[in-house]
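S.K.: Please find upload38.txt (compact mmCIF, C-alpha atoms and all ligand atoms) on the next line:
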```txt
# COMPACT_ATOMS: atom_id res chain seq x y z
CA MET A 1112 0.00 0.00 0.00
CA GLU A 1113 1.51 3.34 -1.08
CA LYS A 1114 1.75 6.18 1.43
CA SER A 1115 1.60 9.95 0.96
CA PRO A 1116 4.96 11.76 0.73
CA ILE A 1117 4.33 13.44 4.10
CA GLU A 1118 3.64 10.09 5.81
CA VAL A 1119 6.75 8.51 4.29
CA PHE A 1120 9.03 11.38 5.29
CA GLY A 1121 7.51 11.58 8.76
CA GLN A 1122 8.60 7.95 9.20
CA TRP A 1123 12.02 8.73 7.72
CA ALA A 1124 12.48 11.45 10.35
CA GLU A 1125 11.54 9.02 13.14
CA GLN A 1126 14.04 6.49 11.75
CA GLY A 1127 16.85 9.08 11.47
CA LYS A 1128 16.97 8.92 7.67
CA ASP A 1129 16.82 12.72 7.42
CA LYS A 1130 20.60 12.80 8.04
CA GLY A 1131 21.21 10.66 4.94
CA MET A 1132 19.25 13.13 2.80
CA GLU A 1133 21.32 15.97 4.23
CA ASP A 1134 24.54 14.18 3.23
CA ASN A 1135 23.28 13.25 -0.26
CA HIS A 1136 21.93 16.71 -1.08
CA ARG A 1137 24.78 18.77 0.40
CA ALA A 1138 26.84 19.35 -2.80
CA ALA A 1139 23.88 20.43 -4.96
CA VAL A 1140 22.47 22.64 -2.21
CA ALA A 1141 25.86 24.36 -1.74
CA ALA A 1142 25.95 25.15 -5.48
CA MET A 1143 22.35 26.44 -5.39
CA ILE A 1144 23.00 28.68 -2.38
CA ALA A 1145 26.22 30.02 -3.94
CA PHE A 1146 24.23 30.96 -7.06
CA SER A 1147 21.22 32.50 -5.34
CA THR A 1148 23.12 34.49 -2.69
CA ALA A 1149 25.91 35.78 -4.97
CA GLN A 1150 24.70 39.40 -4.79
CA PRO A 1151 25.86 41.28 -1.67
CA THR A 1152 22.31 42.42 -0.79
CA PRO A 1153 20.21 41.64 2.30
CA PHE A 1154 17.63 38.90 1.75
CA SER A 1155 14.87 36.93 3.46
CA CYS A 1156 14.19 33.31 2.47
CA ILE A 1157 12.01 30.22 2.78
CA ASP A 1158 13.12 26.62 2.38
CA ALA A 1159 10.09 24.78 0.93
CA GLY A 1160 10.00 21.18 2.23
CA CYS A 1161 12.81 21.86 4.69
CA GLY A 1162 13.01 18.39 6.29
CA ASN A 1163 15.01 18.70 9.53
CA GLY A 1164 15.87 22.31 8.68
CA TRP A 1165 19.53 21.85 7.74
CA VAL A 1166 19.25 24.19 4.71
CA VAL A 1167 17.42 26.84 6.76
CA ARG A 1168 20.40 26.87 9.12
CA LEU A 1169 22.83 27.08 6.18
CA LEU A 1170 20.89 29.96 4.62
CA ALA A 1171 20.70 31.77 7.97
CA GLN A 1172 24.52 31.64 8.19
CA GLN A 1173 24.94 33.50 4.88
CA GLN A 1174 26.38 36.96 5.44
CA HIS A 1175 23.40 38.91 4.07
CA CYS A 1176 20.56 36.71 5.34
CA GLN A 1177 18.07 38.64 7.48
CA LYS A 1178 15.39 35.98 7.93
CA ALA A 1179 15.20 32.25 7.23
CA ILE A 1180 12.03 30.18 7.42
CA GLY A 1181 11.44 26.45 6.96
CA VAL A 1182 8.14 24.80 5.99
CA ASP A 1183 7.48 21.07 5.86
CA GLY A 1184 4.36 18.92 6.11
CA ALA A 1185 5.92 16.15 8.21
CA ALA A 1186 5.46 16.86 11.93
CA ALA A 1187 8.47 14.73 12.94
CA MET A 1188 10.73 16.73 10.59
CA ILE A 1189 9.58 20.06 12.04
CA GLU A 1190 9.91 18.77 15.63
CA LYS A 1191 13.54 17.89 14.87
CA ALA A 1192 14.18 21.24 13.19
CA LYS A 1193 12.80 23.17 16.18
CA ALA A 1194 14.73 21.03 18.67
CA ILE A 1195 18.04 21.66 16.86
CA ASP A 1196 17.37 25.33 16.08
CA PRO A 1197 15.32 27.55 18.40
CA ILE A 1198 16.23 30.72 16.46
CA ASN A 1199 14.80 30.42 12.94
CA ASP A 1200 11.08 29.94 12.19
CA TYR A 1201 9.64 26.55 11.24
CA TYR A 1202 6.07 25.73 10.22
CA CYS A 1203 4.42 22.32 9.85
CA GLU A 1204 2.16 22.98 6.88
CA ASP A 1205 1.20 21.71 3.44
CA LEU A 1206 3.18 23.85 0.99
CA LEU A 1207 0.21 24.24 -1.35
CA LYS A 1208 -1.99 25.67 1.42
CA TRP A 1209 0.49 27.77 3.40
CA LYS A 1210 0.90 31.51 2.79
CA THR A 1211 3.58 33.64 4.40
CA VAL A 1212 2.68 36.81 6.30
CA GLN A 1213 5.70 38.61 4.83
CA LYS A 1214 6.81 37.80 1.30
CA VAL A 1215 10.49 36.93 0.81
CA ASP A 1216 13.37 37.52 -1.63
CA LEU A 1217 14.35 33.89 -2.08
CA VAL A 1218 12.52 30.56 -2.07
CA HIS A 1219 14.84 27.56 -2.11
CA SER A 1220 13.78 23.92 -2.36
CA MET A 1221 15.68 20.64 -2.66
CA GLU A 1222 14.07 17.35 -3.69
CA VAL A 1223 10.47 18.37 -2.99
CA PHE A 1224 8.52 19.66 -5.99
CA TYR A 1225 7.87 16.30 -7.68
CA TYR A 1226 5.95 15.07 -4.62
CA PHE A 1227 2.96 17.09 -5.84
CA GLU A 1228 0.26 15.82 -8.20
CA ASN A 1229 0.44 19.16 -10.05
CA PRO A 1230 3.82 20.80 -9.39
CA ASP A 1231 2.82 23.70 -11.66
CA GLN A 1232 0.22 24.68 -9.04
CA LEU A 1233 2.89 24.82 -6.34
CA ILE A 1234 5.21 26.90 -8.56
CA ALA A 1235 2.34 29.33 -9.26
CA HIS A 1236 1.45 29.41 -5.52
CA VAL A 1237 5.05 30.31 -4.59
CA PHE A 1238 5.10 32.99 -7.29
CA LYS A 1239 1.83 34.55 -6.13
CA HIS A 1240 1.88 34.15 -2.34
CA TRP A 1241 5.50 33.78 -1.16
CA LEU A 1242 7.78 35.93 -3.33
CA LYS A 1243 8.33 39.68 -3.44
CA PRO A 1244 8.66 41.29 -6.90
CA GLN A 1245 12.17 40.45 -8.18
CA GLY A 1246 12.29 37.49 -5.78
CA ARG A 1247 13.88 34.22 -6.89
CA LEU A 1248 12.63 30.63 -6.79
CA ILE A 1249 15.40 28.03 -7.06
CA MET A 1250 14.57 24.33 -7.05
CA GLY A 1251 16.78 21.24 -7.20
CA ILE A 1252 15.49 17.75 -8.06
CA ASP A 1253 17.14 14.38 -8.67
CA HIS A 1254 13.99 12.58 -9.89
CA TYR A 1255 13.38 13.77 -13.46
CA PHE A 1256 13.03 12.07 -16.81
CA GLU A 1257 16.61 12.48 -18.06
CA ASN A 1258 18.01 10.96 -14.84
CA THR A 1259 17.11 7.38 -15.67
CA ALA A 1260 18.84 6.15 -12.49
CA SER A 1261 15.91 7.69 -10.56
CA HIS A 1262 13.09 6.05 -12.51
CA HIS A 1263 12.60 3.14 -10.10
CA TRP A 1264 12.46 5.30 -6.93
CA LYS A 1265 8.68 5.51 -6.76
CA LYS A 1266 8.41 1.73 -6.64
CA ASP A 1267 11.28 1.43 -4.13
CA CYS A 1268 9.95 4.07 -1.70
CA GLY A 1269 6.23 3.21 -1.83
CA VAL A 1270 5.34 6.90 -2.17
CA SER A 1271 1.94 7.63 -3.73
CA ILE A 1272 3.05 10.74 -5.67
CA MET A 1273 6.38 11.06 -7.48
CA LYS A 1274 5.95 12.86 -10.79
CA LEU A 1275 8.49 12.28 -13.54
CA PHE A 1276 8.88 15.17 -16.00
CA PRO A 1277 11.65 16.15 -18.44
CA GLU A 1278 13.77 19.25 -17.86
CA LYS A 1279 11.87 21.21 -20.54
CA THR A 1280 8.54 20.66 -18.78
CA TRP A 1281 9.92 21.96 -15.48
CA LEU A 1282 11.16 25.07 -17.28
CA HIS A 1283 7.72 25.53 -18.86
CA PHE A 1284 6.09 25.30 -15.40
CA PHE A 1285 8.26 28.23 -14.28
CA GLU A 1286 7.56 30.26 -17.42
CA ASP A 1287 3.80 29.58 -17.28
CA ALA A 1288 3.69 30.77 -13.65
CA GLY A 1289 5.16 34.09 -14.78
CA PHE A 1290 8.83 33.66 -13.87
CA LYS A 1291 11.36 35.62 -15.96
CA GLU A 1292 15.04 34.93 -16.64
CA THR A 1293 14.38 31.21 -16.21
CA GLN A 1294 17.32 28.86 -16.53
CA SER A 1295 18.20 25.27 -15.72
CA TRP A 1296 21.41 23.29 -15.35
CA ARG A 1297 22.73 20.09 -13.79
CA VAL A 1298 24.99 19.81 -10.75
CA ASP A 1299 27.27 16.84 -9.99
CA GLU A 1300 26.79 14.80 -13.18
CA LYS A 1301 28.52 11.39 -13.07
CA GLU A 1302 28.47 8.13 -14.99
CA ASN A 1303 24.92 6.72 -14.75
CA TRP A 1304 23.75 9.84 -12.91
CA ALA A 1305 22.48 12.88 -14.83
CA GLY A 1306 23.02 15.12 -11.77
CA THR A 1307 20.70 17.34 -9.76
CA LEU A 1308 18.48 19.37 -12.07
CA VAL A 1309 18.41 22.99 -10.89
CA VAL A 1310 15.66 25.29 -12.21
CA THR A 1311 15.34 28.94 -11.29
CA GLY A 1312 13.56 32.15 -12.25
CA ILE A 1313 12.80 35.66 -11.05
CA LYS A 1314 9.35 37.10 -10.25
C1 LIG B 1401 13.15 14.25 -0.08
S1 LIG B 1401 12.65 15.18 1.32
C2 LIG B 1401 13.77 16.57 1.21
C3 LIG B 1401 13.95 17.30 2.52
C4 LIG B 1401 14.98 18.44 2.49
N1 LIG B 1401 14.65 19.42 1.47
C5 LIG B 1401 16.37 17.90 2.29
O1 LIG B 1401 16.97 18.16 1.25
O2 LIG B 1401 16.85 17.20 3.19
C6 LIG B 1401 11.10 15.87 0.82
C7 LIG B 1401 10.41 16.70 1.90
O3 LIG B 1401 9.24 17.30 1.35
C8 LIG B 1401 8.22 17.27 2.32
N2 LIG B 1401 6.92 17.33 1.64
C9 LIG B 1401 6.44 16.52 0.67
N3 LIG B 1401 5.20 16.88 0.30
C10 LIG B 1401 4.88 17.98 1.05
C11 LIG B 1401 3.73 18.81 1.14
N4 LIG B 1401 2.64 18.62 0.39
N5 LIG B 1401 3.75 19.85 2.01
C12 LIG B 1401 4.84 20.06 2.80
N6 LIG B 1401 5.96 19.30 2.76
C13 LIG B 1401 5.97 18.27 1.90
C14 LIG B 1401 8.44 15.96 3.05
O4 LIG B 1401 7.83 15.94 4.32
C15 LIG B 1401 9.97 15.89 3.10
O5 LIG B 1401 10.49 16.41 4.29
```
Represent the structure of the file as structure tokens.
Ligand SMILES: C[S@@+](CC[C@H](N)C(=O)[O-])C[C@H]1O[C@@H](n2cnc3c(N)ncnc32)[C@H](O)[C@@H]1O
M.R.:
Amino acid sequence: MEKSPIEVFGQWAEQGKDKGMEDNHRAAVAAMIAFSTAQPTPFSCIDAGCGNGWVVRLLAQQQHCQKAIGVDGAAAMIEKAKAIDPINDYYCEDLLKWKTVQKVDLVHSMEVFYYFENPDQLIAHVFKHWLKPQGRLIMGIDHYFENTASHHWKKDCGVSIMKLFPEKTWLHFFEDAGFKETQSWRVDEKENWAGTLVVTGIK
């Protein structure tokens, strides 16, 4: 019986598997943060699907970061995040339903957006309700069509929703939501591994 992504990752947090994700995603996330924080200007940010909050803490350490927020639907992930880090803000919410009180300059997300039946709706929701004008969304994913090594993951993990789209479709989702200056690239390509697909755009 397949389980929802939030149920599966809640169990992963209870089993300590969040640390493995942190280790596996570290190189791509470092490249994404280097790209999105390259300008020496103050910024506020949200990590969408923050897991145990490790990227929120990384973002908060950046020289010009003024506010860092993490949102995740799995209660056990958010409990861990709050226990490790009493300073930054964490919310246990469904990303598609949650709206921020104060819009931000940067929305970052790693390995989250394909856990939605209609990822285009989430991209449009972030554009409309989370980002300031000129704000950036940057998303990294390992499960996409060109990365054939990831095709069997849905079966392996027993997750009910894991959408598999090609790079071009992800770019179209950004463009259709209204993002400008969209671009995509791969980080950490290896033999039998197409790398993390990074997609970004500006509101
Ligand atoms: C593969 S994990 C990645 C976690 C973190 N970004 C990292 O790199 O370690 C995917 C995360 O997305 C969260 N998630 C999935 N669907 C969600 C939803 N509808 N609303 C909020 N969070 C969701 C899960 O709870 C999980 O923590």
S.K.: Using all atoms listed in the file, find each protein or nucleic acid residue lying at most 8 Å from ligand LIG 1401 (chain B); present the set as a PyMOL selection string.
M.R.: chain A and resi 1115-1121+1129-1130+1132-1133+1136-1137+1140+1158-1166+1182-1185+1188+1203-1207+1220-1224+1226-1227
S.K.: From the set A:Tyr1202, A:Tyr1225, A:Lys1243, A:Ala1235, which residue has the shortest atom-to-atom contact distance to Pro1277 in chain A, counting all atoms listed in the file?
M.R.: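 Of all the options, A:Tyr1225 lies closest to Pro1277 in chain A.
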S.K.: Could you check which of A:Tyr1201, A:Ala1186, A:Ala1194, A:Ala1145 is closest to Trp1123 in chain A, using all atoms listed in the file?
M.R.: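 Once distances to Trp1123 in chain A are computed over all atoms listed in the file, the minimum belongs to A:Ala1186.
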S.K.: Residues near Phe1276 in chain A, anyone? I mean within 9 Å using all atoms listed in the file, not counting same-chain ones fewer than 3 positions away, as a list in words.
M.R.: Tyr1225, His1254, Tyr1255, Phe1256, Glu1257, Lys1279, Thr1280 and Trp1281 of chain A
S.K.: How many Å separate CA of Lys1314 in chain A from CA of Pro1244 in chain A?
M.R.: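 Distance reported for this atom pair: 5.4 Å.
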S.K.: Considering all atoms listed in the file, can you say which of A:Val1167, A:Met1273, A:Val1212, A:Ile1252 comes closest to Asn1135 in chain A?
M.R.: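 Of A:Val1167, A:Met1273, A:Val1212, A:Ile1252, the one nearest Asn1135 in chain A, counting all atoms listed in the file, is A:Ile1252.
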S.K.: Taking all atoms listed in the file into account, which of A:Ala1171, A:Leu1275, A:Ser1155, A:Glu1190 comes nearest Arg1247 in chain A?
M.R.: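 Of A:Ala1171, A:Leu1275, A:Ser1155, A:Glu1190, the one nearest Arg1247 in chain A, counting all atoms listed in the file, is A:Ser1155.
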S.K.: Please determine, counting only C-alpha atoms, which residue among A:His1263, A:Asp1231, A:Lys1210, A:Phe1146 has the shortest atom-to-atom distance to Ser1295 in chain A.
M.R.: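 Of all the options, A:Phe1146 lies closest to Ser1295 in chain A.
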S.K.: Of the residues A:Leu1169, A:Val1218, A:Cys1176, A:Met1250, which is the one nearest to Pro1151 in chain A, using only C-alpha atoms?
M.R.: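 Closest to Pro1151 in chain A, using only C-alpha atoms: A:Cys1176.
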S.K.: Report, in Å with one decimal, the straight-line distance from CA of Asn1258 in chain A to CA of Gly1306 in chain A.
M.R.: 7.2 Å
S.K.: Can you work out the spacing between CA of Val1270 in chain A and CA of Trp1296 in chain A in Å, to one decimal?
M.R.: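 Separation between CA of Val1270 in chain A and CA of Trp1296 in chain A: 26.5 Å.
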S.K.: Show me the residues around (15.9, 32.7, 8.4) - criterion: an atom at most 8 Å away, all atoms listed in the file counted - as a VMD selection string.
M.R.: chain A and resid 1155 to 1157 1167 to 1168 1170 to 1171 1176 to 1181 1199 to 1200
S.K.: Would you mind listing what lies within 8 Å of Thr1293 in chain A as a list in words, with all atoms listed in the file counted and same-chain residues fewer than 2 positions away left out?
M.R.: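 Listing them by chain and then by number gives Leu1282, Phe1285, Glu1286, Phe1290, Lys1291, Ser1295, Val1310, Thr1311, Gly1312 and Ile1313 of chain A.
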S.K.: So which residues touch Ile1234 in chain A within 8 Å, counting all atoms listed in the file, skipping near sequence neighbours fewer than 4 positions away, as a list in words?
M.R.: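 These residues fall inside the cut-off: Pro1230, Phe1238, Phe1284, Phe1285 and Ala1288 of chain A.
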S.K.: Could you complete range 1139-1159 of chain A so that it carries N, CA and C atoms, and give it back as an mmCIF file, in the frame of the given file?
M.R.:
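Listing of result_35.cif after writing:
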```cif
data_model
loop_
_atom_site.group_PDB
_atom_site.id
_atom_site.type_symbol
_atom_site.label_atom_id
_atom_site.label_comp_id
_atom_site.auth_asym_id
_atom_site.auth_seq_id
_atom_site.Cartn_x
_atom_site.Cartn_y
_atom_site.Cartn_z
ATOM 1 N N ALA A 1139 24.785 19.665 -4.075
ATOM 2 C CA ALA A 1139 23.880 20.430 -4.960
ATOM 3 C C ALA A 1139 23.355 21.660 -4.244
ATOM 4 N N VAL A 1140 23.011 21.506 -2.968
ATOM 5 C CA VAL A 1140 22.470 22.640 -2.210
ATOM 6 C C VAL A 1140 23.532 23.739 -2.078
ATOM 7 N N ALA A 1141 24.783 23.359 -1.855
ATOM 8 C CA ALA A 1141 25.860 24.360 -1.740
ATOM 9 C C ALA A 1141 25.964 25.156 -3.043
ATOM 10 N N ALA A 1142 25.865 24.464 -4.182
ATOM 11 C CA ALA A 1142 25.950 25.150 -5.480
ATOM 12 C C ALA A 1142 24.739 26.071 -5.675
ATOM 13 N N MET A 1143 23.562 25.615 -5.245
ATOM 14 C CA MET A 1143 22.350 26.440 -5.390
ATOM 15 C C MET A 1143 22.434 27.690 -4.514
ATOM 16 N N ILE A 1144 22.902 27.522 -3.292
ATOM 17 C CA ILE A 1144 23.000 28.680 -2.380
ATOM 18 C C ILE A 1144 24.060 29.661 -2.898
ATOM 19 N N ALA A 1145 25.168 29.134 -3.403
ATOM 20 C CA ALA A 1145 26.220 30.020 -3.940
ATOM 21 C C ALA A 1145 25.648 30.862 -5.079
ATOM 22 N N PHE A 1146 24.830 30.236 -5.928
ATOM 23 C CA PHE A 1146 24.230 30.960 -7.060
ATOM 24 C C PHE A 1146 23.225 32.010 -6.568
ATOM 25 N N SER A 1147 22.337 31.609 -5.670
ATOM 26 C CA SER A 1147 21.220 32.500 -5.340
ATOM 27 C C SER A 1147 21.582 33.582 -4.327
ATOM 28 N N THR A 1148 22.722 33.455 -3.668
ATOM 29 C CA THR A 1148 23.120 34.490 -2.690
ATOM 30 C C THR A 1148 24.386 35.222 -3.149
ATOM 31 N N ALA A 1149 24.656 35.181 -4.448
ATOM 32 C CA ALA A 1149 25.910 35.780 -4.970
ATOM 33 C C ALA A 1149 25.929 37.307 -4.836
ATOM 34 N N GLN A 1150 24.742 37.931 -4.900
ATOM 35 C CA GLN A 1150 24.700 39.400 -4.790
ATOM 36 C C GLN A 1150 24.856 39.822 -3.327
ATOM 37 N N PRO A 1151 25.666 40.858 -3.072
ATOM 38 C CA PRO A 1151 25.860 41.280 -1.670
ATOM 39 C C PRO A 1151 24.715 42.173 -1.173
ATOM 40 N N THR A 1152 23.468 41.637 -1.234
ATOM 41 C CA THR A 1152 22.310 42.420 -0.790
ATOM 42 C C THR A 1152 21.539 41.630 0.270
ATOM 43 N N PRO A 1153 20.959 42.328 1.244
ATOM 44 C CA PRO A 1153 20.210 41.640 2.300
ATOM 45 C C PRO A 1153 19.038 40.846 1.704
ATOM 46 N N PHE A 1154 18.753 39.695 2.272
ATOM 47 C CA PHE A 1154 17.630 38.900 1.750
ATOM 48 C C PHE A 1154 16.939 38.123 2.872
ATOM 49 N N SER A 1155 15.644 37.835 2.610
ATOM 50 C CA SER A 1155 14.870 36.930 3.460
ATOM 51 C C SER A 1155 14.562 35.694 2.614
ATOM 52 N N CYS A 1156 14.357 34.535 3.278
ATOM 53 C CA CYS A 1156 14.190 33.310 2.470
ATOM 54 C C CYS A 1156 13.319 32.270 3.164
ATOM 55 N N ILE A 1157 12.800 31.383 2.317
ATOM 56 C CA ILE A 1157 12.010 30.220 2.780
ATOM 57 C C ILE A 1157 12.600 28.985 2.140
ATOM 58 N N ASP A 1158 12.787 27.926 2.949
ATOM 59 C CA ASP A 1158 13.120 26.620 2.380
ATOM 60 C C ASP A 1158 11.820 25.806 2.334
ATOM 61 N N ALA A 1159 11.360 25.489 1.129
ATOM 62 C CA ALA A 1159 10.090 24.780 0.930
ATOM 63 C C ALA A 1159 10.336 23.270 1.002
#
```
